[in-house]
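Working notes, structure below.
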Amino acid sequence: MPMQLNRDDLIRAYRSMATIRRFEERVQEEFSKGGIPGFVHLYAGEEASAVGVCQHLGPKDYIASTHRGHGHSIAKGCDVGGMMKELFAKQGGLCGGKGGSMHIADLDQGMLGANGIVGGGPPLVVGAALTAKTLGNGHVAVCFSGDGASNQGTTFEALNMAVVLKLPAIFVFENNQYGEGTGFSYHCGSRDIAGRAAGFGLPAVKVNGDNFFEVHEAAHEAIERARSGGGPSAIEVDTCRFYGHHSGDAQLYRGKDEVKNLREQRDCLKHFRTRVSEAALLEADALDAVDAEVAALVDRAIVDARAAESPDASELLTHVYVSY
Amino acid sequence: MPMQLNRDDLIRAYRSMATIRRFEERVQEEFSKGGIPGFVHLYAGEEASAVGVCQHLGPKDYIASTHRGHGHSIAKGCDVGGMMKELFAKQGGLCGGKGGSMHIADLDQGMLGANGIVGGGPPLVVGAALTAKTLGNGHVAVCFSGDGASNQGTTFEALNMAVVLKLPAIFVFENNQYGEGTGFSYHCGSRDIAGRAAGFGLPAVKVNGDNFFEVHEAAHEAIERARSGGGPSAIEVDTCRFYGHHSGDAQLYRGKDEVKNLREQRDCLKHFRTRVSEAALLEADALDAVDAEVAALVDRAIVDARAAESPDASELLTHVYVSY
Amino acid sequence: MPLKSIRQALNEALAQEMRRDPTIIVIGEDVAGGAGSDGQRDAYGGVLGVTKGLIGEFGEARVIDTPITESAIMGAAAGAAVTGLRPVAELMFSDFFGVCFDQIFNQAAKFRYMFGGKAKTPLVIRTMIGAGRSAAAQHSQSPYGIFTAVPGLKCVVPSNAYDAKGLLIQAIRDDDPVIFCEHKLMYDLRAEVPDEPYTIPFGEANVVRDGNDVTVVALARMVHYAMTAADELSKDGIEIELIDPRTTSPLDEDTILESVERTGRLVIVDEATPRCSIATDIAALVADKAFAALKAPIRRVTAPHTPVPFAPDLEKLYIPSPEKIAAAVREVYGYGR
Amino acid sequence: MPLKSIRQALNEALAQEMRRDPTIIVIGEDVAGGAGSDGQRDAYGGVLGVTKGLIGEFGEARVIDTPITESAIMGAAAGAAVTGLRPVAELMFSDFFGVCFDQIFNQAAKFRYMFGGKAKTPLVIRTMIGAGRSAAAQHSQSPYGIFTAVPGLKCVVPSNAYDAKGLLIQAIRDDDPVIFCEHKLMYDLRAEVPDEPYTIPFGEANVVRDGNDVTVVALARMVHYAMTAADELSKDGIEIELIDPRTTSPLDEDTILESVERTGRLVIVDEATPRCSIATDIAALVADKAFAALKAPIRRVTAPHTPVPFAPDLEKLYIPSPEKIAAAVREVYGYGR
Ligand SMILES: Cc1ncc(C[n+]2csc(CCOP(=O)(O)OP(=O)(O)O)c2C)c(N)n1
Ligand SMILES: Cc1ncc(C[n+]2csc(CCOP(=O)(O)OP(=O)(O)O)c2C)c(N)n1
Ligand SMILES: [Mg+2]
Ligand SMILES: [Mg+2]
């Protein structure tokens with residue numbers, strides 16, 4: 001499948017993944033230093049999922065994200081500077097500092113928001129897909145959910161509703177094997193998210209999330225089906241997270257060397273690099289250049305975020321209603 | 001399978017089904033006359049489901065019912081006189097006239113209540129089954145739900161939870177093809193309740209609800225599995241209702257002659273009669289005797305209910321808390 | 001002016017607005033009915049017929065029957081609203097909010113604030129409230145106090161057909177999420193309702209009756225009970241000023257405060273249960289902002305702190321009555337004289 | 001007496017009660033943690049460690065980790081309670097009530113009434129409330145006003161470790177459904193807590209500080225802010241009587257009313273939003289039953305009618321402060337002098 005992707009596509013994909021990785025690594029550092037308030041949930045390790053899907057989407061296509069929303073935001077085209085300011089609770093943040101990591105959103109980019117409620121996103125995606133269907137504009141709506149969220153009643157309702165209304169919705173289940181500290185093999189009775197979703201009457205596949213190209217291919221199929229009126233699909237992405245559930249998580253539920261092994265054996269960026277070099281599609285230094293470029297971008301975002309002002313006190317009372 | 005059932009079992013089963021039928025027919029009459037306040041949802045046509053399942057249950061096994069709860073209550077052994085008084089909102093009603101048809105319950109008989117909330121019962125059955133598992137008393141909990149309720153998030157959550165905790169729970173889906181005035185083929189994306197349930201990781205079968213013996217057999221298997229620690233099961237019962245969604249429903253959503261044909265071709269009581277006579281298990285006059293007996297029972301219940309007193313005014317403020 | 005029932009007024013408001021704006025959709029359970037059945041489409045038109053006929057004029061694409069799946073319905077409406085539609089979603093009975101409230105109070109109501117003002121969520125949720133139909137504990141509640149408590153949500157509680165039409169059109173045109181509470185016993189209540197579309201602004205109370213002795217604030221069905229009480233009372237020369245807030249969020253504080261400044265006496269009538277309610281909300285408002293004018297204790301005539309009983313005799317005692325209202329007014333009127 | 005944190009006090013209460021009564025179970029998300037993983041069991045012991053160690057002593061059969069499925073958790077607890085267990089269910093953050101409230105307010109809380117007194121539902125729901133952690137709009141709310149509004153439900157809002165232990169044990173032994181609200185910023189707050197089990201009856205307020213000038217009613221974290229304000233005020237010779245209701249349902253009306261009868265002045269401090277809240281509830285109570293004694297307007301110091309903002313500076317303004325409390329008391333104290 002790499003064949004379908006020209007050099008620009010590949011660079012674009014790698015840049016997006018590399019930006020996410022760098023973003024999360026630096027956020028982890030800054031969070032530890034205390035510059036970032038609240039809770040942050042890092043996406044490092046799962047980049048191929050967000051990027052493999054969002055590469056097929058335009059700004060007028062919608063995504064709904066989760067509490068682990070940085071990767072989806074970057075993949076969907078949100079401004080890294082505005083994101084970082086938001087995490088730092090500063091003016092110029094995507095939500096003016098009023099949302100933070102758990103509510104980061106950018107409707108102009110079709111990013112309907114991270115969500116503090118597990119299972120909050122799927123019903124909203126039904127709505128975004130309903131808008132697309134009603135307006136007949138050929139847009140689609142993608143819902144990112146975790147394996148834990150796959151057990152939430154709202155998620156199941158959304159699956160059925162999307163099938164009943166034949167909506168252009170794609171449900172992407174990022175199975176990183178954990179809901180907080182509870183393992184997938186325990187919390188999911190069927191031990192099979194895609195299979196369970198298929199029972200709702202929509203095409204559902206499982207892909208290896210370490211492999212950008214597999215995700216990209218499956219997403220392509222599902223999204224094209226949706227655009228052409230073929231209705232909803234589900235994709236289960238087998239992936240892993242490199243950090244804790246949230247920054248600061250002691251991760252006692254992890255096996256010995258689990259994270260070390262994941263980083264060594266299941267790094268989707270490494271996998272991408274190997275794939276494209278072996279296939280002689282991109283040279284190492286082109287990729288290194290991207291790494292350097294995104295490193296500068298993210299580092300600059302942090303400097304700017306640190307320097308930015310906190311929201312004005314008056315902001316406490318604004319934006320509750322359009323009019324009241 | 002009739003073989004497994006001795007004469008007494010068969011009489012008991014028929015008496016239970018006939019009681020339900022008679023109860024609902026008379027309630028319909030009384031409701032039309034105005035003696036019964038509020039809303040009533042009649043179970044006539046679905047008797048084989050409640051009875052085929054509850055024949056396997058003792059008073060310490062639990063069931064949770066729906067808004068259409070008269071049949072389940074009678075099948076589980078609730079007193080017909082107390083039930084009728086409850087529907088008439090009188091003293092001596094199972095709930096002292098404070099619950100009515102939609103909340104009829106009798107914990108002493110293991111009947112956890114009809115429920116005004118579609119999808120309200122399944123999570124409660126998870127709890128009743130959890131009690132049985134925790135106390136290790138070999139009891140089981142059965143949840144009756146409709147086809148419409150099968151789409152509710154709470155129902156899906158209950159299925160997964162029952163599998164995860166390996167609970168002695170049985171989920172019986174009474175598919176009468178309608179949720180109010182909305183058809184099954186529209187509201188259930190998979191058009192297959194049992195298949196969708198199976199995707200959650202529990203044994204799920206479909207049975208013909210016109211055939212008491214099929215229900216009885218499937219319920220036997222599922223309940224024995226549950227009692228012996230084998231975990232939850234689901235049963236989809238293909239059935240039909242002879243009346244409207246609620247008494248007074250104009251039923252405009254029904255096809256021409258639909259109800260007439262159902263009553264002629266899908267009457268589970270007729271089917272039972274035919275089966276047992278053909279197999280020479282019971283004589284017609286034995287069954288007629290039961291019909292006469294239950295008719296008297298139900299008619300007496302109505303006379304008594306009419307005659308009974310309304311609850312005392314003081315009852316408005318009682319039973320909110322055990323202590324406050 | 002033609003007499004129309006609340007049912008007709010609401011139906012007319014929906015039809016007129018849907019003609020005006022193609023982005024308005026109606027979504028809910030049996031809002032038409034008959035989907036996937038062998039019988040008639042539009043078999044119900046809403047369980048109480050409010051949306052009857054809409055599917056005939058606007059089609060299945062804009063009048064959408066759903067499975068029984070309130071979280072998905074409210075989420076679909078919220079998600080559609082924030083992406084360009086103006087959904088009017090139906091929550092058949094307000095008692096069902098417990099299975100879908102997250103999509104209302106954590107999602108739709110908070111988008112704008114959480115997203116720093118970037119979101120607009122023009123969503124209307126129509127829902128049924130009220131006791132008196134022997135519908136028992138799970139089909140008779142009036143949770144508008146809970147809806148009022150939610151920042152970002154607006155709450156409408158009409159008491160007559162004229163207000164119902166104007167407030168529903170306002171709700172549909174409003175750019176914020178609005179929950180619109182319809183009392184199940186009032187659908188057939190008739191009043192003069194203009195044929196043409198009109199709006200009634202939120203946060204403007206209706207002074208149903210002028211009087212200088214006691215201010216009475218009442219909502220929905222209680223407005224009519226209060227009127228009955230008022231007629232009784234005026235025979236004894238007690239003239240109440242009856243205020244119908246019409247919307248509880250925003251609440252027209254000024255009209256209530258001005259009235260109490262004049263009368264010095266306040267009775268609040270509310271069919272909902274008594275704790276942390278709109279009745280306590282208005283009492284607290286007045287005890288703070290009109291204290292100096294108060295000449296008597298603020299009395300609340302409400303349902304008791306109990307579920308709604310099934311038995312008609314008990315339910316009758318549960319609901320505030322004109323007699324109880326009159327008694328409370330007399331007490332407050334007589335206080336300190 | 002040994003000093004213990006609220007976390008320790010709650011953990012001790014759970015352990016001691018579970019030893020006493022084998023029908024008590026703990027159920028929720030990551031109440032132990034590590035189920036189905038390669039690492040340690042009891043990896044969390046609750047996201048804030050309150051249930052840590054329980055699985056070690058009582059095992060998986062009584063300390064039950066669940067999927068993320070709040071409706072099934074609350075329903076499981078309600079169904080287990082009505083069939084013979086005494087579940088202590090955890091709703092990790094109270095903000096999540098919107099995905100599971102039906103099982104709480106329509107099922108558990110109404111069983112007894114709907115079933116004519118035949119049901120007993122000894123259920124405890126432990127849940128986290130409160131702003132101040134920059135957890136933003138969906139992890140910082142304090143919806144105890146909504147819980148208080150529900151007939152059939154009891155609501156506990158402890159402010160210190162001593163009360164936390166005694167009230168939790170009472171909640172577990174209580175035969176009615178109880179929602180137990182723990183403020184996320186107070187888990188490390190220490191107080192003297194006896195090692196042996198004890199109960200604190202519901203509906204008995206704690207008079208934290210005696211005074212005759214102004215009555216101040218405050219809950220949870222606000223009790224401590226009110227104490228800070230009290231120290232400031234007493235320097236200026238203003239002595240407040242500080243009342244911590246400890247439970248909002250049942251509410252100790254007498255203690256509040258008796259105090260206001262004496263002081264004639266009332267300020268209510270509540271971290272929750274201002275509409276239809278426990279603050280309005282208490283104000284309405286006093287404006288009705290202690291009107292004659294009132295010498296000043298009843299002031300409420302609460303959060304504004306907004307979602308909880310993420311930015312720490314904004315959040316600080318959102319939460320009532322000792323300064324705002326002191327200012328309100330001064331106003332009320334000075335009124336009419
Ligand atoms: C309704 C609800 N329940 C619980 C939580 C607490 N919580 C936040 S994230 C999380 C785990 C989610 O797991 P998963 O869906 O697999 O996503 P992941 O964190 O693995 O990306 C939990 C339990 C929540 N935020 N909302
Ligand atoms: C949460 C909720 N949503 C909607 C309703 C209104 N309602 C009552 S019964 C019913 C249809 C249920 O259909 P089904 O589950 O198939 O049961 P049946 O009536 O066919 O026995 C609906 C929509 C309700 N009571 N509760
Ligand atoms: Mg996960
Ligand atoms: Mg049905």
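By convention in this document, the chains of the structure tokens carry letters A, B, ... by their order, each chain's residues are numbered from 1, and ligands are numbered from 1 in the order they are shown.
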Identify, with DSSP run on backbone atoms, the residues in segment 74-320 of chain A assigned to strand (DSSP E or B), and express the list as a short mmCIF file (atom, residue, chain, number, x, y, z; two decimals) with all heavy atoms, in the first residue's frame.
data_model
loop_
_atom_site.label_atom_id
_atom_site.label_comp_id
_atom_site.auth_asym_id
_atom_site.auth_seq_id
_atom_site.Cartn_x
_atom_site.Cartn_y
_atom_site.Cartn_z
N ASP A 106 -10.94 22.39 18.31
CA ASP A 106 -10.81 23.43 17.30
C ASP A 106 -11.83 23.14 16.20
O ASP A 106 -11.54 22.39 15.27
CB ASP A 106 -9.39 23.48 16.74
CG ASP A 106 -9.21 24.67 15.80
OD1 ASP A 106 -10.22 25.31 15.43
OD2 ASP A 106 -8.06 24.97 15.44
N MET A 111 -12.19 19.54 14.61
CA MET A 111 -11.85 18.78 15.82
C MET A 111 -12.88 19.13 16.90
O MET A 111 -12.87 20.22 17.46
CB MET A 111 -10.43 19.15 16.25
CG MET A 111 -10.05 18.81 17.68
SD MET A 111 -10.28 17.07 18.10
CE MET A 111 -9.78 17.14 19.84
N ALA A 141 -17.61 11.79 9.64
CA ALA A 141 -17.27 12.03 11.04
C ALA A 141 -16.61 10.79 11.61
O ALA A 141 -17.12 9.68 11.43
CB ALA A 141 -18.51 12.39 11.84
N VAL A 142 -15.48 10.99 12.25
CA VAL A 142 -14.71 9.89 12.82
C VAL A 142 -14.69 10.00 14.34
O VAL A 142 -14.45 11.07 14.88
CB VAL A 142 -13.27 9.90 12.30
CG1 VAL A 142 -12.46 8.79 12.97
CG2 VAL A 142 -13.24 9.74 10.79
N CYS A 143 -14.97 8.90 15.00
CA CYS A 143 -14.92 8.87 16.45
C CYS A 143 -13.75 8.02 16.92
O CYS A 143 -13.65 6.85 16.57
CB CYS A 143 -16.21 8.25 17.00
SG CYS A 143 -16.24 8.24 18.78
N PHE A 144 -12.84 8.65 17.66
CA PHE A 144 -11.77 7.89 18.30
C PHE A 144 -12.21 7.52 19.72
O PHE A 144 -12.70 8.38 20.46
CB PHE A 144 -10.49 8.73 18.35
CG PHE A 144 -9.86 8.96 17.01
CD1 PHE A 144 -10.08 10.15 16.32
CD2 PHE A 144 -9.04 8.00 16.43
CE1 PHE A 144 -9.50 10.37 15.07
CE2 PHE A 144 -8.45 8.21 15.18
CZ PHE A 144 -8.68 9.40 14.50
N SER A 145 -12.09 6.24 20.04
CA SER A 145 -12.40 5.78 21.39
C SER A 145 -11.34 4.79 21.83
O SER A 145 -10.67 4.19 20.99
CB SER A 145 -13.75 5.06 21.42
OG SER A 145 -14.79 5.88 21.01
N GLY A 146 -11.23 4.60 23.11
CA GLY A 146 -10.29 3.61 23.63
C GLY A 146 -10.95 2.26 23.82
O GLY A 146 -12.16 2.11 23.63
N ALA A 169 -20.22 7.64 9.37
CA ALA A 169 -19.47 7.68 10.62
C ALA A 169 -18.48 6.52 10.67
O ALA A 169 -18.79 5.43 10.20
CB ALA A 169 -20.43 7.59 11.81
N ILE A 170 -17.31 6.80 11.20
CA ILE A 170 -16.30 5.76 11.37
C ILE A 170 -15.91 5.72 12.84
O ILE A 170 -15.57 6.75 13.42
CB ILE A 170 -15.05 6.03 10.50
CG1 ILE A 170 -15.40 6.00 9.01
CG2 ILE A 170 -13.98 4.98 10.78
CD1 ILE A 170 -15.83 7.34 8.45
N PHE A 171 -15.99 4.55 13.44
CA PHE A 171 -15.65 4.39 14.85
C PHE A 171 -14.31 3.69 14.96
O PHE A 171 -14.17 2.53 14.60
CB PHE A 171 -16.73 3.59 15.57
CG PHE A 171 -18.08 4.27 15.56
CD1 PHE A 171 -18.98 4.04 14.53
CD2 PHE A 171 -18.42 5.17 16.56
CE1 PHE A 171 -20.22 4.69 14.51
CE2 PHE A 171 -19.65 5.82 16.56
CZ PHE A 171 -20.55 5.58 15.52
N VAL A 172 -13.32 4.44 15.40
CA VAL A 172 -11.97 3.90 15.54
C VAL A 172 -11.71 3.58 17.01
O VAL A 172 -11.77 4.47 17.86
CB VAL A 172 -10.92 4.91 15.03
CG1 VAL A 172 -9.52 4.36 15.23
CG2 VAL A 172 -11.17 5.26 13.57
N PHE A 173 -11.50 2.31 17.30
CA PHE A 173 -11.23 1.89 18.68
C PHE A 173 -9.74 1.67 18.85
O PHE A 173 -9.17 0.75 18.25
CB PHE A 173 -12.01 0.62 19.00
CG PHE A 173 -13.49 0.84 19.06
CD1 PHE A 173 -14.30 0.49 17.98
CD2 PHE A 173 -14.09 1.41 20.18
CE1 PHE A 173 -15.67 0.70 18.02
CE2 PHE A 173 -15.46 1.63 20.22
CZ PHE A 173 -16.25 1.27 19.14
N GLU A 174 -9.11 2.53 19.60
CA GLU A 174 -7.68 2.43 19.84
C GLU A 174 -7.44 1.53 21.04
O GLU A 174 -7.56 1.96 22.19
CB GLU A 174 -7.09 3.82 20.04
CG GLU A 174 -7.36 4.70 18.81
CD GLU A 174 -6.80 6.11 18.92
OE1 GLU A 174 -6.98 6.74 19.99
OE2 GLU A 174 -6.19 6.56 17.95
N ASN A 175 -7.16 0.27 20.75
CA ASN A 175 -7.00 -0.71 21.82
C ASN A 175 -5.54 -0.74 22.28
O ASN A 175 -4.70 -1.42 21.70
CB ASN A 175 -7.43 -2.09 21.32
CG ASN A 175 -7.37 -3.12 22.42
OD1 ASN A 175 -6.86 -2.84 23.52
ND2 ASN A 175 -7.88 -4.31 22.15
N TYR A 178 -5.41 -1.16 27.82
CA TYR A 178 -5.73 -0.72 29.18
C TYR A 178 -6.81 0.34 29.22
O TYR A 178 -6.87 1.22 28.34
CB TYR A 178 -4.50 -0.10 29.86
CG TYR A 178 -3.40 -1.06 30.19
CD1 TYR A 178 -2.27 -1.14 29.39
CD2 TYR A 178 -3.47 -1.90 31.30
CE1 TYR A 178 -1.24 -2.01 29.67
CE2 TYR A 178 -2.45 -2.78 31.60
CZ TYR A 178 -1.34 -2.83 30.78
OH TYR A 178 -0.31 -3.70 31.07
N GLY A 179 -7.66 0.26 30.20
CA GLY A 179 -8.48 1.37 30.63
C GLY A 179 -7.96 1.74 32.00
O GLY A 179 -8.07 0.95 32.94
N THR A 182 -6.75 -1.14 34.27
CA THR A 182 -7.49 -2.39 34.09
C THR A 182 -7.28 -2.93 32.68
O THR A 182 -7.47 -2.21 31.71
CB THR A 182 -9.00 -2.16 34.37
OG1 THR A 182 -9.14 -1.73 35.73
CG2 THR A 182 -9.80 -3.44 34.17
N GLY A 183 -6.87 -4.20 32.61
CA GLY A 183 -6.48 -4.79 31.34
C GLY A 183 -7.66 -5.14 30.44
O GLY A 183 -8.74 -5.51 30.92
N ALA A 204 -16.47 -4.19 10.27
CA ALA A 204 -15.51 -3.91 11.33
C ALA A 204 -14.25 -4.72 11.11
O ALA A 204 -14.33 -5.92 10.86
CB ALA A 204 -16.11 -4.25 12.70
N VAL A 205 -13.10 -4.07 11.18
CA VAL A 205 -11.82 -4.76 10.97
C VAL A 205 -10.87 -4.45 12.11
O VAL A 205 -11.05 -3.50 12.86
CB VAL A 205 -11.17 -4.32 9.64
CG1 VAL A 205 -12.06 -4.68 8.45
CG2 VAL A 205 -10.87 -2.82 9.66
N LYS A 206 -9.85 -5.30 12.23
CA LYS A 206 -8.78 -5.13 13.21
C LYS A 206 -7.49 -4.85 12.44
O LYS A 206 -7.20 -5.53 11.47
CB LYS A 206 -8.58 -6.45 13.95
CG LYS A 206 -8.97 -6.48 15.39
CD LYS A 206 -8.36 -7.70 16.06
CE LYS A 206 -9.10 -8.06 17.32
NZ LYS A 206 -10.41 -8.69 17.09
N VAL A 207 -6.76 -3.86 12.89
CA VAL A 207 -5.48 -3.59 12.23
C VAL A 207 -4.37 -3.42 13.26
O VAL A 207 -4.62 -3.11 14.43
CB VAL A 207 -5.55 -2.31 11.36
CG1 VAL A 207 -6.57 -2.47 10.24
CG2 VAL A 207 -5.85 -1.09 12.22
N ASN A 208 -3.16 -3.61 12.78
CA ASN A 208 -1.98 -3.45 13.62
C ASN A 208 -1.58 -1.99 13.68
O ASN A 208 -1.14 -1.41 12.68
CB ASN A 208 -0.84 -4.30 13.04
CG ASN A 208 0.48 -4.04 13.76
OD1 ASN A 208 0.52 -3.33 14.76
ND2 ASN A 208 1.54 -4.61 13.22
N SER A 233 -18.62 2.33 9.65
CA SER A 233 -17.69 1.21 9.82
C SER A 233 -17.01 1.34 11.18
O SER A 233 -17.06 2.40 11.80
CB SER A 233 -16.59 1.24 8.75
OG SER A 233 -17.11 1.39 7.46
N ALA A 234 -16.39 0.25 11.58
CA ALA A 234 -15.57 0.28 12.80
C ALA A 234 -14.19 -0.28 12.50
O ALA A 234 -14.06 -1.19 11.67
CB ALA A 234 -16.24 -0.52 13.91
N ILE A 235 -13.20 0.29 13.15
CA ILE A 235 -11.82 -0.18 13.01
C ILE A 235 -11.22 -0.33 14.40
O ILE A 235 -11.26 0.61 15.19
CB ILE A 235 -10.97 0.82 12.20
CG1 ILE A 235 -11.57 1.04 10.81
CG2 ILE A 235 -9.52 0.33 12.10
CD1 ILE A 235 -10.87 2.16 10.02
N GLU A 236 -10.74 -1.52 14.71
CA GLU A 236 -10.04 -1.71 15.97
C GLU A 236 -8.54 -1.64 15.70
O GLU A 236 -8.02 -2.42 14.88
CB GLU A 236 -10.40 -3.05 16.62
CG GLU A 236 -9.61 -3.32 17.90
CD GLU A 236 -9.96 -4.66 18.55
OE1 GLU A 236 -10.88 -5.35 18.07
OE2 GLU A 236 -9.28 -5.03 19.54
N VAL A 237 -7.88 -0.70 16.33
CA VAL A 237 -6.45 -0.53 16.13
C VAL A 237 -5.71 -1.11 17.32
O VAL A 237 -5.88 -0.65 18.46
CB VAL A 237 -6.08 0.96 15.97
CG1 VAL A 237 -4.59 1.12 15.74
CG2 VAL A 237 -6.88 1.60 14.83
N ASP A 238 -4.91 -2.13 17.07
CA ASP A 238 -4.10 -2.74 18.13
C ASP A 238 -2.88 -1.85 18.35
O ASP A 238 -2.00 -1.77 17.49
CB ASP A 238 -3.69 -4.14 17.68
CG ASP A 238 -2.78 -4.83 18.69
OD1 ASP A 238 -2.68 -4.34 19.83
OD2 ASP A 238 -2.16 -5.84 18.32
#
message: How would you report the residues lying within 7 Å of ligand 2, as a PyMOL selection string, if you count only C-alpha atoms and all ligand atoms?
response: (chain B and resi 67-68+116-119+145-150+175-180+245) or (chain C and resi 29+68+70+92+96+99)
query: Using only C-alpha atoms, which chain A residues lie at most 7 Å away from chain D, written as a list in words?
result: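 On the chain A side, the interface is Pro37, Gly38, Phe39, Ala89, Gly97, Lys98, Gly99, Gly100, Gly116, Gly148, Ala149, Asn151, Gln152, Gly153, Gly181, Thr182, Gly183, Phe184, Ser185, Tyr186, His187, Leu252, Tyr253, Arg254, Gly255, Ala313, Leu316, Leu317 and Val320 of chain A.
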task: Compile the residues of chain A that lie within 6 Å of chain B, evaluated using only C-alpha atoms, and express the compilation as a list in words.
output: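 My answer is Gly153, Thr154, Glu157, Asn160, Val163, Val164, Gly189, Ser190, Arg196, Gly199, Phe200 and Gly201 of chain A.
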task: Return the single residue from B:Ser323, B:Thr239, B:Gln4, B:Gln91 that is closest to Arg306 of chain B, with distances computed using only C-alpha atoms.
output: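 Distance minimum relative to Arg306 of chain B lands on B:Gln91.
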message: I'd like the neighbourhood of Leu87 of chain B as a VMD selection string, where a residue qualifies if any of its atoms comes within 7 Å (using only C-alpha atoms), though same-chain residues fewer than 2 positions away should be ignored.
response: chain B and resid 36 83 to 85 89 100 to 101
- request: With a distance cut-off of 8 Å and only C-alpha atoms, select the neighbouring residues of Glu90 of chain D, excluding the residue or stretch itself and same-chain residues fewer than 3 positions from it, and output the selection as a list in words.
  value: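 My list of contacting residues is Val26, Ile27, Gly28, Glu29, Val31, Ile125, Arg126 and Thr127 of chain D.
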Output of the above residues as a tab-separated table (two decimals), in the first residue's frame, restricted to N, CA, C and O atoms:
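Writing the result to out16.tsv gives the following:
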chain	number	residue	atom	x	y	z
D	26	VAL	N	-17.22	-3.85	47.71
D	26	VAL	CA	-16.80	-2.59	47.08
D	26	VAL	C	-16.73	-2.84	45.59
D	26	VAL	O	-16.16	-3.86	45.16
D	27	ILE	N	-17.33	-1.96	44.80
D	27	ILE	CA	-17.36	-2.18	43.36
D	27	ILE	C	-17.16	-0.87	42.61
D	27	ILE	O	-17.71	0.17	43.01
D	28	GLY	N	-16.33	-0.90	41.57
D	28	GLY	CA	-16.09	0.30	40.79
D	28	GLY	C	-14.89	0.14	39.87
D	28	GLY	O	-14.29	-0.94	39.79
D	29	GLU	N	-14.54	1.23	39.21
D	29	GLU	CA	-13.44	1.21	38.25
D	29	GLU	C	-12.11	1.39	38.97
D	29	GLU	O	-11.91	2.38	39.67
D	31	VAL	N	-11.03	0.15	41.59
D	31	VAL	CA	-11.06	0.20	43.06
D	31	VAL	C	-9.89	-0.63	43.60
D	31	VAL	O	-9.39	-0.39	44.70
D	125	ILE	N	-22.99	5.08	47.55
D	125	ILE	CA	-22.24	5.50	46.37
D	125	ILE	C	-21.20	6.52	46.83
D	125	ILE	O	-21.56	7.61	47.27
D	126	ARG	N	-19.95	6.13	46.75
D	126	ARG	CA	-18.86	7.07	47.06
D	126	ARG	C	-18.50	7.81	45.79
D	126	ARG	O	-18.34	7.19	44.73
D	127	THR	N	-18.36	9.12	45.88
D	127	THR	CA	-18.02	9.87	44.69
D	127	THR	C	-17.23	11.13	45.02
D	127	THR	O	-17.29	11.63	46.15
field: Residues of chain C within 6 Å of chain D, only C-alpha atoms counted, as a list in words
entry: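 Applying the cut-off to the listed atoms yields Gly98, Val99, Phe101, Asp102, Gly145, Ala149, Pro151, Arg275, Cys276, Ser277, Ile278, Thr280, Asp281, Ala283, Ala284, Ala287, Asp288, Phe291, Pro297, Ile298, Arg299, His305 and Thr306 of chain C.
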message: Give me, as JSON, numbers by chain, the residues of segment 97-204 of chain B that a backbone DSSP run labels alpha helix (DSSP H).
response: {"B": [121, 122, 123, 124, 125, 126, 127, 128, 129, 130, 131, 132, 133, 134, 135, 153, 154, 155, 156, 157, 158, 159, 160, 161, 162, 163, 164, 184, 185, 186, 187, 193, 194, 195, 196, 197, 198]}
- prompt: Could you state the separation of atom CA of Ala76 of chain D and atom CA of Lys133 of chain B in Å, given to one decimal place?
  reply: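 About the pair atom CA of Ala76 of chain D and atom CA of Lys133 of chain B: they are 12.3 Å apart.
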field: Best match for closeness to ligand 4 among B:Ala13, B:His246, B:Gly138, B:Asp61, counting only C-alpha atoms and all ligand atoms
entry: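 The shortest atom-to-atom distance to ligand 4 comes from B:His246.
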- prompt: What lies within 12 Å of Leu168 of chain C using only C-alpha atoms, ignoring chain neighbours under 4 positions off, as a ChimeraX atom specification?
  reply: /C:6-7,9-17,88,123-127,155-158,160-164,172-174,178-182,197-202,246-247
field: Two-atom distance - atom CA of Ile238 of chain D, atom CA of Gly334 of chain D (Å)
entry: 10.0 Å
- request: Choose the residue, out of A:Asp8, A:Asp108, A:Asp249, A:Cys95, that has the smallest atom-to-atom separation from ligand 1; count only C-alpha atoms and all ligand atoms.
  value: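 Residue with the minimum atom-to-atom distance to ligand 1: A:Asp249.
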